[in-house]
file my_file.cif (mmCIF, N, CA and C atoms)
data_my_file
#
loop_
_atom_site.label_atom_id
_atom_site.label_comp_id
_atom_site.auth_asym_id
_atom_site.auth_seq_id
_atom_site.Cartn_x
_atom_site.Cartn_y
_atom_site.Cartn_z
N MET A 556 19.16 0.76 8.95
CA MET A 556 18.36 0.15 7.90
C MET A 556 17.29 1.14 7.43
N SER A 557 16.55 0.72 6.43
CA SER A 557 15.48 1.57 5.92
C SER A 557 14.30 0.72 5.50
N VAL A 558 13.17 1.36 5.39
CA VAL A 558 11.96 0.68 4.97
C VAL A 558 11.78 0.88 3.46
N GLU A 559 11.33 -0.19 2.79
CA GLU A 559 11.12 -0.11 1.35
C GLU A 559 9.88 -0.91 0.97
N PHE A 560 9.01 -0.30 0.17
CA PHE A 560 7.82 -0.95 -0.37
C PHE A 560 8.09 -1.20 -1.85
N VAL A 561 8.17 -2.45 -2.25
CA VAL A 561 8.40 -2.78 -3.65
C VAL A 561 7.29 -3.70 -4.13
N TYR A 562 7.04 -3.64 -5.41
CA TYR A 562 6.01 -4.50 -5.98
C TYR A 562 6.34 -4.78 -7.43
N GLY A 563 5.70 -5.80 -7.97
CA GLY A 563 5.90 -6.15 -9.37
C GLY A 563 4.71 -6.90 -9.91
N ASP A 564 4.69 -7.05 -11.22
CA ASP A 564 3.62 -7.78 -11.91
C ASP A 564 2.24 -7.17 -11.66
N VAL A 565 2.13 -5.86 -11.87
CA VAL A 565 0.84 -5.19 -11.70
C VAL A 565 -0.10 -5.63 -12.80
N GLY A 566 -1.32 -5.89 -12.42
CA GLY A 566 -2.34 -6.28 -13.39
C GLY A 566 -3.71 -6.28 -12.77
N ALA A 567 -4.70 -6.55 -13.60
CA ALA A 567 -6.08 -6.61 -13.14
C ALA A 567 -6.81 -7.76 -13.83
N PRO A 568 -6.29 -8.99 -13.70
CA PRO A 568 -6.91 -10.12 -14.42
C PRO A 568 -8.34 -10.41 -13.96
N ASP A 569 -8.63 -10.21 -12.69
CA ASP A 569 -10.00 -10.47 -12.21
C ASP A 569 -10.99 -9.49 -12.82
N LEU A 570 -10.55 -8.28 -13.09
CA LEU A 570 -11.41 -7.28 -13.70
C LEU A 570 -11.87 -7.77 -15.08
N ARG A 571 -10.94 -8.26 -15.84
CA ARG A 571 -11.28 -8.76 -17.18
C ARG A 571 -12.18 -9.99 -17.10
N GLN A 572 -11.94 -10.84 -16.10
CA GLN A 572 -12.78 -12.03 -15.94
C GLN A 572 -14.22 -11.65 -15.60
N ARG A 573 -14.41 -10.49 -14.99
CA ARG A 573 -15.76 -10.01 -14.68
C ARG A 573 -16.41 -9.33 -15.88
N GLY A 574 -15.65 -9.23 -16.98
CA GLY A 574 -16.17 -8.57 -18.17
C GLY A 574 -16.07 -7.06 -18.10
N LEU A 575 -15.21 -6.55 -17.22
CA LEU A 575 -15.05 -5.11 -17.07
C LEU A 575 -13.75 -4.66 -17.70
N ARG A 576 -13.69 -3.37 -18.01
CA ARG A 576 -12.48 -2.79 -18.59
C ARG A 576 -11.91 -1.76 -17.63
N PRO A 577 -10.59 -1.59 -17.59
CA PRO A 577 -9.97 -0.63 -16.68
C PRO A 577 -10.48 0.80 -16.85
N ALA A 578 -10.78 1.20 -18.06
CA ALA A 578 -11.19 2.59 -18.29
C ALA A 578 -12.61 2.88 -17.82
N SER A 579 -13.43 1.86 -17.65
CA SER A 579 -14.84 2.12 -17.33
C SER A 579 -15.35 1.42 -16.07
N ALA A 580 -14.53 0.64 -15.41
CA ALA A 580 -14.98 -0.10 -14.22
C ALA A 580 -15.21 0.85 -13.04
N HIS A 581 -16.06 0.45 -12.14
CA HIS A 581 -16.36 1.18 -10.91
C HIS A 581 -15.12 1.22 -10.02
N ASP A 582 -14.94 2.31 -9.28
CA ASP A 582 -13.76 2.47 -8.42
C ASP A 582 -13.57 1.30 -7.46
N GLY A 583 -14.63 0.79 -6.88
CA GLY A 583 -14.51 -0.33 -5.94
C GLY A 583 -13.90 -1.55 -6.58
N HIS A 584 -14.31 -1.86 -7.80
CA HIS A 584 -13.72 -3.00 -8.51
C HIS A 584 -12.26 -2.73 -8.82
N LEU A 585 -11.95 -1.51 -9.26
CA LEU A 585 -10.58 -1.18 -9.61
C LEU A 585 -9.65 -1.29 -8.41
N LEU A 586 -10.08 -0.75 -7.28
CA LEU A 586 -9.22 -0.77 -6.09
C LEU A 586 -8.90 -2.19 -5.64
N VAL A 587 -9.87 -3.06 -5.71
CA VAL A 587 -9.67 -4.44 -5.27
C VAL A 587 -8.96 -5.27 -6.34
N ASP A 588 -9.24 -5.00 -7.60
CA ASP A 588 -8.74 -5.87 -8.67
C ASP A 588 -7.38 -5.48 -9.23
N ILE A 589 -6.90 -4.28 -8.97
CA ILE A 589 -5.55 -3.94 -9.42
C ILE A 589 -4.59 -4.48 -8.36
N GLU A 590 -3.88 -5.52 -8.74
CA GLU A 590 -3.05 -6.25 -7.79
C GLU A 590 -1.61 -6.35 -8.28
N ALA A 591 -0.74 -6.62 -7.33
CA ALA A 591 0.67 -6.84 -7.64
C ALA A 591 1.28 -7.67 -6.52
N ASP A 592 2.45 -8.19 -6.76
CA ASP A 592 3.19 -8.90 -5.72
C ASP A 592 3.91 -7.84 -4.88
N LEU A 593 3.55 -7.74 -3.62
CA LEU A 593 4.06 -6.70 -2.72
C LEU A 593 5.09 -7.27 -1.76
N VAL A 594 6.17 -6.51 -1.56
CA VAL A 594 7.19 -6.87 -0.58
C VAL A 594 7.51 -5.62 0.23
N ILE A 595 7.54 -5.79 1.55
CA ILE A 595 8.02 -4.73 2.44
C ILE A 595 9.34 -5.23 2.98
N ARG A 596 10.38 -4.39 2.82
CA ARG A 596 11.73 -4.79 3.21
C ARG A 596 12.33 -3.80 4.19
N ASP A 597 13.23 -4.33 4.96
CA ASP A 597 14.10 -3.55 5.84
C ASP A 597 15.52 -3.90 5.39
N GLY A 598 16.04 -3.10 4.46
CA GLY A 598 17.32 -3.47 3.87
C GLY A 598 17.14 -4.74 3.06
N ASP A 599 17.92 -5.77 3.37
CA ASP A 599 17.81 -7.06 2.68
C ASP A 599 16.79 -7.99 3.31
N ARG A 600 16.30 -7.64 4.49
CA ARG A 600 15.37 -8.51 5.22
C ARG A 600 13.93 -8.26 4.77
N VAL A 601 13.23 -9.33 4.39
CA VAL A 601 11.83 -9.24 3.97
C VAL A 601 10.94 -9.32 5.21
N VAL A 602 10.11 -8.31 5.36
CA VAL A 602 9.16 -8.25 6.47
C VAL A 602 7.81 -8.82 6.05
N LEU A 603 7.44 -8.57 4.79
CA LEU A 603 6.17 -9.08 4.26
C LEU A 603 6.34 -9.34 2.77
N ALA A 604 5.85 -10.47 2.30
CA ALA A 604 5.81 -10.77 0.87
C ALA A 604 4.45 -11.40 0.58
N GLU A 605 3.64 -10.70 -0.20
CA GLU A 605 2.29 -11.17 -0.53
C GLU A 605 2.07 -11.10 -2.02
N LYS A 606 1.60 -12.18 -2.58
CA LYS A 606 1.24 -12.22 -4.00
C LYS A 606 -0.16 -11.64 -4.17
N LEU A 607 -0.40 -11.07 -5.34
CA LEU A 607 -1.72 -10.56 -5.72
C LEU A 607 -2.33 -9.65 -4.63
N PHE A 608 -1.56 -8.68 -4.20
CA PHE A 608 -1.98 -7.75 -3.15
C PHE A 608 -2.64 -6.54 -3.79
N PRO A 609 -3.73 -6.01 -3.21
CA PRO A 609 -4.43 -4.87 -3.80
C PRO A 609 -3.65 -3.55 -3.62
N VAL A 610 -2.65 -3.36 -4.47
CA VAL A 610 -1.74 -2.21 -4.32
C VAL A 610 -2.43 -0.88 -4.60
N ALA A 611 -3.42 -0.84 -5.49
CA ALA A 611 -4.13 0.42 -5.75
C ALA A 611 -4.92 0.83 -4.51
N GLU A 612 -5.58 -0.12 -3.88
CA GLU A 612 -6.33 0.17 -2.67
C GLU A 612 -5.40 0.61 -1.55
N LEU A 613 -4.24 -0.04 -1.43
CA LEU A 613 -3.26 0.35 -0.42
C LEU A 613 -2.76 1.77 -0.69
N ALA A 614 -2.42 2.07 -1.93
CA ALA A 614 -1.91 3.41 -2.26
C ALA A 614 -2.95 4.48 -1.94
N GLN A 615 -4.22 4.21 -2.27
CA GLN A 615 -5.27 5.19 -1.97
C GLN A 615 -5.40 5.40 -0.46
N ALA A 616 -5.34 4.33 0.31
CA ALA A 616 -5.44 4.45 1.76
C ALA A 616 -4.24 5.20 2.34
N LEU A 617 -3.07 4.97 1.80
CA LEU A 617 -1.87 5.67 2.27
C LEU A 617 -1.95 7.17 2.00
N VAL A 618 -2.50 7.57 0.85
CA VAL A 618 -2.67 8.99 0.56
C VAL A 618 -3.57 9.63 1.60
N GLY A 619 -4.68 8.99 1.91
CA GLY A 619 -5.58 9.52 2.93
C GLY A 619 -4.89 9.66 4.28
N TRP A 620 -4.08 8.69 4.62
CA TRP A 620 -3.35 8.72 5.90
C TRP A 620 -2.33 9.86 5.90
N LEU A 621 -1.58 10.01 4.83
CA LEU A 621 -0.57 11.07 4.76
C LEU A 621 -1.19 12.46 4.78
N HIS A 622 -2.39 12.60 4.26
CA HIS A 622 -3.03 13.91 4.21
C HIS A 622 -3.61 14.36 5.55
N ARG A 623 -3.69 13.47 6.50
CA ARG A 623 -4.19 13.86 7.83
C ARG A 623 -3.18 14.78 8.51
N PRO A 624 -3.67 15.74 9.29
CA PRO A 624 -2.74 16.59 10.05
C PRO A 624 -1.90 15.76 11.02
N ASP A 625 -0.68 16.21 11.28
CA ASP A 625 0.25 15.47 12.13
C ASP A 625 -0.37 15.01 13.44
N GLY A 626 -1.07 15.87 14.12
CA GLY A 626 -1.63 15.53 15.42
C GLY A 626 -2.79 14.55 15.36
N GLU A 627 -3.34 14.34 14.17
CA GLU A 627 -4.50 13.46 14.00
C GLU A 627 -4.19 12.18 13.23
N ARG A 628 -2.95 12.03 12.79
CA ARG A 628 -2.61 10.93 11.88
C ARG A 628 -2.67 9.57 12.58
N GLY A 629 -1.99 9.41 13.66
CA GLY A 629 -1.97 8.13 14.35
C GLY A 629 -1.31 7.05 13.51
N ASP A 630 -1.40 5.82 13.98
CA ASP A 630 -0.83 4.68 13.28
C ASP A 630 -1.66 4.36 12.03
N PHE A 631 -1.05 3.68 11.08
CA PHE A 631 -1.73 3.26 9.86
C PHE A 631 -2.06 1.77 9.97
N VAL A 632 -3.33 1.44 9.74
CA VAL A 632 -3.77 0.05 9.70
C VAL A 632 -4.60 -0.10 8.43
N PHE A 633 -4.08 -0.83 7.46
CA PHE A 633 -4.76 -1.00 6.19
C PHE A 633 -5.95 -1.92 6.37
N ASP A 634 -7.14 -1.37 6.14
CA ASP A 634 -8.38 -2.12 6.25
C ASP A 634 -8.89 -2.35 4.83
N SER A 635 -8.48 -3.43 4.24
CA SER A 635 -8.75 -3.72 2.83
C SER A 635 -10.08 -4.43 2.63
N MET A 636 -10.70 -4.12 1.50
CA MET A 636 -11.91 -4.84 1.11
C MET A 636 -11.57 -6.29 0.73
N SER A 637 -10.28 -6.57 0.48
CA SER A 637 -9.85 -7.90 0.05
C SER A 637 -9.39 -8.80 1.19
N CYS A 638 -9.13 -8.23 2.34
CA CYS A 638 -8.58 -9.01 3.46
C CYS A 638 -9.59 -9.06 4.60
N ALA A 639 -9.76 -10.23 5.16
CA ALA A 639 -10.73 -10.40 6.24
C ALA A 639 -10.33 -9.64 7.50
N GLU A 640 -9.03 -9.52 7.73
CA GLU A 640 -8.54 -8.90 8.95
C GLU A 640 -7.82 -7.59 8.65
N PRO A 641 -8.15 -6.50 9.36
CA PRO A 641 -7.41 -5.25 9.16
C PRO A 641 -5.94 -5.43 9.57
N GLY A 642 -5.08 -4.68 8.89
CA GLY A 642 -3.67 -4.69 9.27
C GLY A 642 -2.77 -5.46 8.34
N ALA A 643 -3.24 -5.76 7.12
CA ALA A 643 -2.37 -6.45 6.16
C ALA A 643 -1.08 -5.66 5.99
N VAL A 644 -1.18 -4.34 6.07
CA VAL A 644 -0.03 -3.45 6.16
C VAL A 644 -0.33 -2.50 7.30
N ARG A 645 0.64 -2.32 8.15
CA ARG A 645 0.46 -1.37 9.26
C ARG A 645 1.77 -0.66 9.54
N MET A 646 1.63 0.57 10.00
CA MET A 646 2.78 1.37 10.38
C MET A 646 2.48 1.99 11.73
N VAL A 647 3.37 1.76 12.67
CA VAL A 647 3.15 2.23 14.03
C VAL A 647 4.32 3.08 14.48
N GLU A 648 3.97 4.06 15.30
CA GLU A 648 5.00 4.94 15.85
C GLU A 648 5.40 4.45 17.23
N SER A 649 6.69 4.47 17.49
CA SER A 649 7.22 4.13 18.80
C SER A 649 8.18 5.22 19.22
N ALA A 650 8.73 5.10 20.40
CA ALA A 650 9.70 6.09 20.87
C ALA A 650 10.93 6.14 19.98
N GLU A 651 11.25 5.01 19.32
CA GLU A 651 12.44 4.94 18.47
C GLU A 651 12.18 5.43 17.04
N GLY A 652 10.92 5.50 16.63
CA GLY A 652 10.57 5.90 15.27
C GLY A 652 9.42 5.07 14.73
N TRP A 653 9.22 5.13 13.42
CA TRP A 653 8.13 4.43 12.76
C TRP A 653 8.60 3.07 12.25
N ARG A 654 7.74 2.05 12.43
CA ARG A 654 8.02 0.69 11.96
C ARG A 654 6.86 0.24 11.08
N ALA A 655 7.17 -0.57 10.07
CA ALA A 655 6.15 -1.14 9.20
C ALA A 655 6.11 -2.65 9.43
N GLY A 656 4.90 -3.20 9.34
CA GLY A 656 4.72 -4.64 9.52
C GLY A 656 3.37 -5.07 9.00
N SER A 657 2.93 -6.25 9.41
CA SER A 657 1.68 -6.82 8.93
C SER A 657 1.13 -7.81 9.95
N VAL A 658 -0.20 -7.92 10.00
CA VAL A 658 -0.80 -8.96 10.84
C VAL A 658 -0.48 -10.35 10.29
N PHE A 659 -0.11 -10.44 9.01
CA PHE A 659 0.25 -11.73 8.42
C PHE A 659 1.57 -12.26 8.96
N ALA A 660 2.40 -11.36 9.49
CA ALA A 660 3.68 -11.73 10.10
C ALA A 660 3.83 -10.88 11.36
N PRO A 661 3.08 -11.19 12.42
CA PRO A 661 2.96 -10.30 13.57
C PRO A 661 4.27 -9.99 14.31
N ASP A 662 5.26 -10.84 14.18
CA ASP A 662 6.52 -10.59 14.88
C ASP A 662 7.59 -9.94 13.99
N ALA A 663 7.26 -9.69 12.73
CA ALA A 663 8.23 -9.11 11.80
C ALA A 663 7.92 -7.63 11.62
N TRP A 664 8.90 -6.81 11.93
CA TRP A 664 8.77 -5.35 11.77
C TRP A 664 10.04 -4.81 11.16
N THR A 665 9.90 -3.69 10.46
CA THR A 665 11.10 -3.01 9.99
C THR A 665 11.77 -2.35 11.18
N SER A 666 13.03 -1.99 10.99
CA SER A 666 13.71 -1.18 12.00
C SER A 666 13.05 0.19 12.03
N PRO A 667 13.13 0.88 13.17
CA PRO A 667 12.50 2.20 13.24
C PRO A 667 13.18 3.20 12.31
N VAL A 668 12.36 4.05 11.69
CA VAL A 668 12.85 5.13 10.84
C VAL A 668 12.13 6.41 11.24
N THR A 669 12.69 7.53 10.85
CA THR A 669 12.05 8.81 11.14
C THR A 669 10.80 8.97 10.28
N TRP A 670 9.96 9.90 10.68
CA TRP A 670 8.76 10.18 9.90
C TRP A 670 9.13 10.60 8.47
N ASP A 671 10.15 11.42 8.32
CA ASP A 671 10.54 11.90 6.99
C ASP A 671 10.95 10.75 6.08
N VAL A 672 11.67 9.78 6.61
CA VAL A 672 12.08 8.62 5.82
C VAL A 672 10.86 7.79 5.42
N LEU A 673 9.97 7.54 6.36
CA LEU A 673 8.77 6.75 6.07
C LEU A 673 7.88 7.47 5.06
N ALA A 674 7.63 8.76 5.28
CA ALA A 674 6.76 9.52 4.37
C ALA A 674 7.34 9.57 2.97
N ALA A 675 8.65 9.70 2.84
CA ALA A 675 9.27 9.72 1.52
C ALA A 675 9.09 8.38 0.81
N GLU A 676 9.25 7.28 1.52
CA GLU A 676 9.09 5.96 0.91
C GLU A 676 7.63 5.71 0.53
N VAL A 677 6.71 6.09 1.40
CA VAL A 677 5.29 5.94 1.08
C VAL A 677 4.95 6.79 -0.14
N GLY A 678 5.47 8.00 -0.20
CA GLY A 678 5.23 8.87 -1.35
C GLY A 678 5.77 8.28 -2.64
N ARG A 679 6.94 7.68 -2.59
CA ARG A 679 7.53 7.04 -3.76
C ARG A 679 6.66 5.87 -4.22
N PHE A 680 6.21 5.05 -3.26
CA PHE A 680 5.35 3.91 -3.58
C PHE A 680 4.05 4.38 -4.23
N VAL A 681 3.40 5.38 -3.63
CA VAL A 681 2.13 5.89 -4.16
C VAL A 681 2.32 6.42 -5.59
N ALA A 682 3.37 7.19 -5.81
CA ALA A 682 3.62 7.75 -7.15
C ALA A 682 3.83 6.64 -8.17
N ALA A 683 4.56 5.60 -7.80
CA ALA A 683 4.81 4.49 -8.72
C ALA A 683 3.51 3.74 -9.04
N VAL A 684 2.69 3.50 -8.02
CA VAL A 684 1.42 2.81 -8.25
C VAL A 684 0.51 3.66 -9.13
N ARG A 685 0.46 4.96 -8.87
CA ARG A 685 -0.36 5.85 -9.71
C ARG A 685 0.06 5.75 -11.18
N GLU A 686 1.35 5.73 -11.42
CA GLU A 686 1.86 5.64 -12.78
C GLU A 686 1.47 4.31 -13.42
N ASP A 687 1.62 3.23 -12.69
CA ASP A 687 1.28 1.91 -13.24
C ASP A 687 -0.22 1.76 -13.47
N VAL A 688 -1.02 2.36 -12.60
CA VAL A 688 -2.48 2.34 -12.77
C VAL A 688 -2.85 3.05 -14.07
N ALA A 689 -2.24 4.18 -14.33
CA ALA A 689 -2.50 4.91 -15.58
C ALA A 689 -2.08 4.09 -16.79
N GLU A 690 -0.98 3.37 -16.68
CA GLU A 690 -0.47 2.57 -17.81
C GLU A 690 -1.40 1.42 -18.19
N ILE A 691 -2.19 0.93 -17.24
CA ILE A 691 -3.13 -0.15 -17.60
C ILE A 691 -4.49 0.40 -18.03
N GLY A 692 -4.59 1.74 -18.14
CA GLY A 692 -5.79 2.34 -18.70
C GLY A 692 -6.78 2.89 -17.70
N VAL A 693 -6.37 3.02 -16.44
CA VAL A 693 -7.25 3.56 -15.40
C VAL A 693 -6.89 5.02 -15.20
N ARG A 694 -7.90 5.86 -15.01
CA ARG A 694 -7.63 7.28 -14.76
C ARG A 694 -6.78 7.44 -13.51
N PRO A 695 -5.73 8.26 -13.58
CA PRO A 695 -4.83 8.41 -12.43
C PRO A 695 -5.51 8.95 -11.18
N GLY A 696 -6.65 9.64 -11.32
CA GLY A 696 -7.36 10.18 -10.18
C GLY A 696 -7.92 9.12 -9.24
N LEU A 697 -7.90 7.86 -9.64
CA LEU A 697 -8.34 6.79 -8.75
C LEU A 697 -7.52 6.85 -7.46
N ILE A 698 -6.25 7.17 -7.60
CA ILE A 698 -5.37 7.34 -6.45
C ILE A 698 -4.96 8.81 -6.43
N PRO A 699 -5.47 9.58 -5.48
CA PRO A 699 -5.15 11.01 -5.45
C PRO A 699 -3.65 11.25 -5.33
N GLY A 700 -3.22 12.39 -5.81
CA GLY A 700 -1.82 12.77 -5.69
C GLY A 700 -1.50 13.23 -4.29
N LEU A 701 -0.22 13.27 -3.99
CA LEU A 701 0.21 13.73 -2.67
C LEU A 701 0.52 15.19 -2.68
#
call {"tool": "encode", "arguments": {"input": "my_file.cif", "output": "structure tokens"}}
result
Amino acid sequence: MSVEFVYGDVGAPDLRQRGLRPASAHDGHLLVDIEADLVIRDGDRVVLAEKLFPVAELAQALVGWLHRPDGERGDFVFDSMSCAEPGAVRMVESAEGWRAGSVFAPDAWTSPVTWDVLAAEVGRFVAAVREDVAEIGVRPGLIPGL
């Protein structure tokens, strides 16, 4: 199997309700308010499905994690400004490989994959979110490139 991060319906309706515009809003508002319906899959099996998930904030956090040196990277635990509990998305390394999951579904994990497979999927997700962020009028630098 393989891990896949998919999302749809990107938007920032809360930003507009606050009277802010994508081109001029503060980074903190943008990261929290750019949301989409997020699904983490292992083949056909859904591991996590969350509506209105802060995908821009997740993408930014994933870039920071990927940029860490191999020996310092460790597991990924998404600590979102939007979620009370850290770990809405998490990736952990085991002897068999890397697995993705969430504290929202503590017993659901993807099958283990190699680092190269996980990094490629995370990179694809980040690039797609960066593109969608630019399309709604936010500077692409909000989410650094890989």
call {"tool": "closest_residue", "arguments": {"input": "my_file.cif", "among": "A:Val644, A:Leu575, A:Ala639, A:Ala611", "to": "A:Phe659", "atoms": "all atoms listed in the file"}}
result
A:Val644
call {"tool": "atom_distance", "arguments": {"input": "my_file.cif", "atom1": "atom N of A:Ala689", "atom2": "atom CA of A:Asp634"}}
result
22.4 Å
call {"tool": "closest_residue", "arguments": {"input": "my_file.cif", "among": "A:Ala660, A:Leu673, A:Ala580, A:Leu621", "to": "A:Leu603", "atoms": "all atoms listed in the file"}}
result
A:Ala660
call {"tool": "residues_around", "arguments": {"input": "my_file.cif", "residues": "A:Ala591", "least_positions_apart": "6", "cutoff": "5 Å", "atoms": "all atoms listed in the file", "output": "MDAnalysis selection string"}}
result
chainID A and resid 563:565 606:608 610
call {"tool": "closest_residue", "arguments": {"input": "my_file.cif", "among": "A:Leu613, A:Ala675, A:Ala578, A:Val601", "to": "A:Gly692", "atoms": "all atoms listed in the file"}}
result
A:Ala578
call {"tool": "resolve_selection", "arguments": {"input": "my_file.cif", "expression": "the PyMOL selection byres (((chain A and resi 684-687 and name CA) around 10) and name CA)", "output": "MDAnalysis selection string"}}
result
chainID A and resid 562 565:566 589 591 610:615 678:683 688:700
call {"tool": "write_last_selection", "arguments": {"input": "my_file.cif", "atoms": "N, CA and C atoms", "output": "compact mmCIF listing (two decimals), keeping the file's coordinate frame"}}
result
# COMPACT_ATOMS: atom_id res chain seq x y z
N TYR A 562 7.04 -3.64 -5.41
CA TYR A 562 6.01 -4.50 -5.98
C TYR A 562 6.34 -4.78 -7.43
N VAL A 565 2.13 -5.86 -11.87
CA VAL A 565 0.84 -5.19 -11.70
C VAL A 565 -0.10 -5.63 -12.80
N GLY A 566 -1.32 -5.89 -12.42
CA GLY A 566 -2.34 -6.28 -13.39
C GLY A 566 -3.71 -6.28 -12.77
N ILE A 589 -6.90 -4.28 -8.97
CA ILE A 589 -5.55 -3.94 -9.42
C ILE A 589 -4.59 -4.48 -8.36
N ALA A 591 -0.74 -6.62 -7.33
CA ALA A 591 0.67 -6.84 -7.64
C ALA A 591 1.28 -7.67 -6.52
N VAL A 610 -2.65 -3.36 -4.47
CA VAL A 610 -1.74 -2.21 -4.32
C VAL A 610 -2.43 -0.88 -4.60
N ALA A 611 -3.42 -0.84 -5.49
CA ALA A 611 -4.13 0.42 -5.75
C ALA A 611 -4.92 0.83 -4.51
N GLU A 612 -5.58 -0.12 -3.88
CA GLU A 612 -6.33 0.17 -2.67
C GLU A 612 -5.40 0.61 -1.55
N LEU A 613 -4.24 -0.04 -1.43
CA LEU A 613 -3.26 0.35 -0.42
C LEU A 613 -2.76 1.77 -0.69
N ALA A 614 -2.42 2.07 -1.93
CA ALA A 614 -1.91 3.41 -2.26
C ALA A 614 -2.95 4.48 -1.94
N GLN A 615 -4.22 4.21 -2.27
CA GLN A 615 -5.27 5.19 -1.97
C GLN A 615 -5.40 5.40 -0.46
N GLY A 678 5.47 8.00 -0.20
CA GLY A 678 5.23 8.87 -1.35
C GLY A 678 5.77 8.28 -2.64
N ARG A 679 6.94 7.68 -2.59
CA ARG A 679 7.53 7.04 -3.76
C ARG A 679 6.66 5.87 -4.22
N PHE A 680 6.21 5.05 -3.26
CA PHE A 680 5.35 3.91 -3.58
C PHE A 680 4.05 4.38 -4.23
N VAL A 681 3.40 5.38 -3.63
CA VAL A 681 2.13 5.89 -4.16
C VAL A 681 2.32 6.42 -5.59
N ALA A 682 3.37 7.19 -5.81
CA ALA A 682 3.62 7.75 -7.15
C ALA A 682 3.83 6.64 -8.17
N ALA A 683 4.56 5.60 -7.80
CA ALA A 683 4.81 4.49 -8.72
C ALA A 683 3.51 3.74 -9.04
N VAL A 688 -1.02 2.36 -12.60
CA VAL A 688 -2.48 2.34 -12.77
C VAL A 688 -2.85 3.05 -14.07
N ALA A 689 -2.24 4.18 -14.33
CA ALA A 689 -2.50 4.91 -15.58
C ALA A 689 -2.08 4.09 -16.79
N GLU A 690 -0.98 3.37 -16.68
CA GLU A 690 -0.47 2.57 -17.81
C GLU A 690 -1.40 1.42 -18.19
N ILE A 691 -2.19 0.93 -17.24
CA ILE A 691 -3.13 -0.15 -17.60
C ILE A 691 -4.49 0.40 -18.03
N GLY A 692 -4.59 1.74 -18.14
CA GLY A 692 -5.79 2.34 -18.70
C GLY A 692 -6.78 2.89 -17.70
N VAL A 693 -6.37 3.02 -16.44
CA VAL A 693 -7.25 3.56 -15.40
C VAL A 693 -6.89 5.02 -15.20
N ARG A 694 -7.90 5.86 -15.01
CA ARG A 694 -7.63 7.28 -14.76
C ARG A 694 -6.78 7.44 -13.51
N PRO A 695 -5.73 8.26 -13.58
CA PRO A 695 -4.83 8.41 -12.43
C PRO A 695 -5.51 8.95 -11.18
N GLY A 696 -6.65 9.64 -11.32
CA GLY A 696 -7.36 10.18 -10.18
C GLY A 696 -7.92 9.12 -9.24
N LEU A 697 -7.90 7.86 -9.64
CA LEU A 697 -8.34 6.79 -8.75
C LEU A 697 -7.52 6.85 -7.46
N ILE A 698 -6.25 7.17 -7.60
CA ILE A 698 -5.37 7.34 -6.45
C ILE A 698 -4.96 8.81 -6.43
N PRO A 699 -5.47 9.58 -5.48
CA PRO A 699 -5.15 11.01 -5.45
C PRO A 699 -3.65 11.25 -5.33
N GLY A 700 -3.22 12.39 -5.81
CA GLY A 700 -1.82 12.77 -5.69
C GLY A 700 -1.50 13.23 -4.29
call {"tool": "atom_distance", "arguments": {"input": "my_file.cif", "atom1": "atom CA of A:Arg654", "atom2": "atom C of A:Ser666"}}
result
5.1 Å
call {"tool": "atom_distance", "arguments": {"input": "my_file.cif", "atom1": "atom CA of A:Glu559", "atom2": "atom CA of A:Arg628"}}
result
20.5 Å
call {"tool": "residues_near_point", "arguments": {"input": "my_file.cif", "point": "(-9.7, -3.2, -8.6)", "cutoff": "6 Å", "atoms": "only N, CA and C atoms", "output": "ChimeraX atom specification"}}
result
/A:583-589
call {"tool": "write_last_selection", "arguments": {"input": "my_file.cif", "atoms": "N, CA and C atoms", "output": "PDB file, in the coordinates of the input"}}
result
ATOM      1  N   GLY A 583     -14.630   0.790  -6.880  1.00  0.00           N
ATOM      2  CA  GLY A 583     -14.510  -0.330  -5.940  1.00  0.00           C
ATOM      3  C   GLY A 583     -13.900  -1.550  -6.580  1.00  0.00           C
ATOM      4  N   HIS A 584     -14.310  -1.860  -7.800  1.00  0.00           N
ATOM      5  CA  HIS A 584     -13.720  -3.000  -8.510  1.00  0.00           C
ATOM      6  C   HIS A 584     -12.260  -2.730  -8.820  1.00  0.00           C
ATOM      7  N   LEU A 585     -11.950  -1.510  -9.260  1.00  0.00           N
ATOM      8  CA  LEU A 585     -10.580  -1.180  -9.610  1.00  0.00           C
ATOM      9  C   LEU A 585      -9.650  -1.290  -8.410  1.00  0.00           C
ATOM     10  N   LEU A 586     -10.080  -0.750  -7.280  1.00  0.00           N
ATOM     11  CA  LEU A 586      -9.220  -0.770  -6.090  1.00  0.00           C
ATOM     12  C   LEU A 586      -8.900  -2.190  -5.640  1.00  0.00           C
ATOM     13  N   VAL A 587      -9.870  -3.060  -5.710  1.00  0.00           N
ATOM     14  CA  VAL A 587      -9.670  -4.440  -5.270  1.00  0.00           C
ATOM     15  C   VAL A 587      -8.960  -5.270  -6.340  1.00  0.00           C
ATOM     16  N   ASP A 588      -9.240  -5.000  -7.600  1.00  0.00           N
ATOM     17  CA  ASP A 588      -8.740  -5.870  -8.670  1.00  0.00           C
ATOM     18  C   ASP A 588      -7.380  -5.480  -9.230  1.00  0.00           C
ATOM     19  N   ILE A 589      -6.900  -4.280  -8.970  1.00  0.00           N
ATOM     20  CA  ILE A 589      -5.550  -3.940  -9.420  1.00  0.00           C
ATOM     21  C   ILE A 589      -4.590  -4.480  -8.360  1.00  0.00           C
TER      22      ILE A 589
END
call {"tool": "closest_residue", "arguments": {"input": "my_file.cif", "among": "A:Val618, A:Arg576, A:Glu651, A:Met646", "to": "A:Leu701", "atoms": "all atoms listed in the file"}}
result
A:Val618
call {"tool": "closest_residue", "arguments": {"input": "my_file.cif", "among": "A:Asp569, A:Arg645, A:Asp592, A:Met636", "to": "A:Ala604", "atoms": "all atoms listed in the file"}}
result
A:Asp592
call {"tool": "residues_near_point", "arguments": {"input": "my_file.cif", "point": "(-5.8, 4.1, 6.7)", "cutoff": "6 Å", "atoms": "only C-alpha atoms", "output": "list of chain:residue names"}}
result
A:Ala616, A:Trp620, A:Phe631, A:Val632, A:Phe633
call {"tool": "select_by_dssp", "arguments": {"input": "my_file.cif", "residues": "stretch 615-693 of chain A", "states": "alpha helix (DSSP H)", "output": "VMD selection string"}}
result
chain A and resid 615 to 622 625 to 628 670 to 690
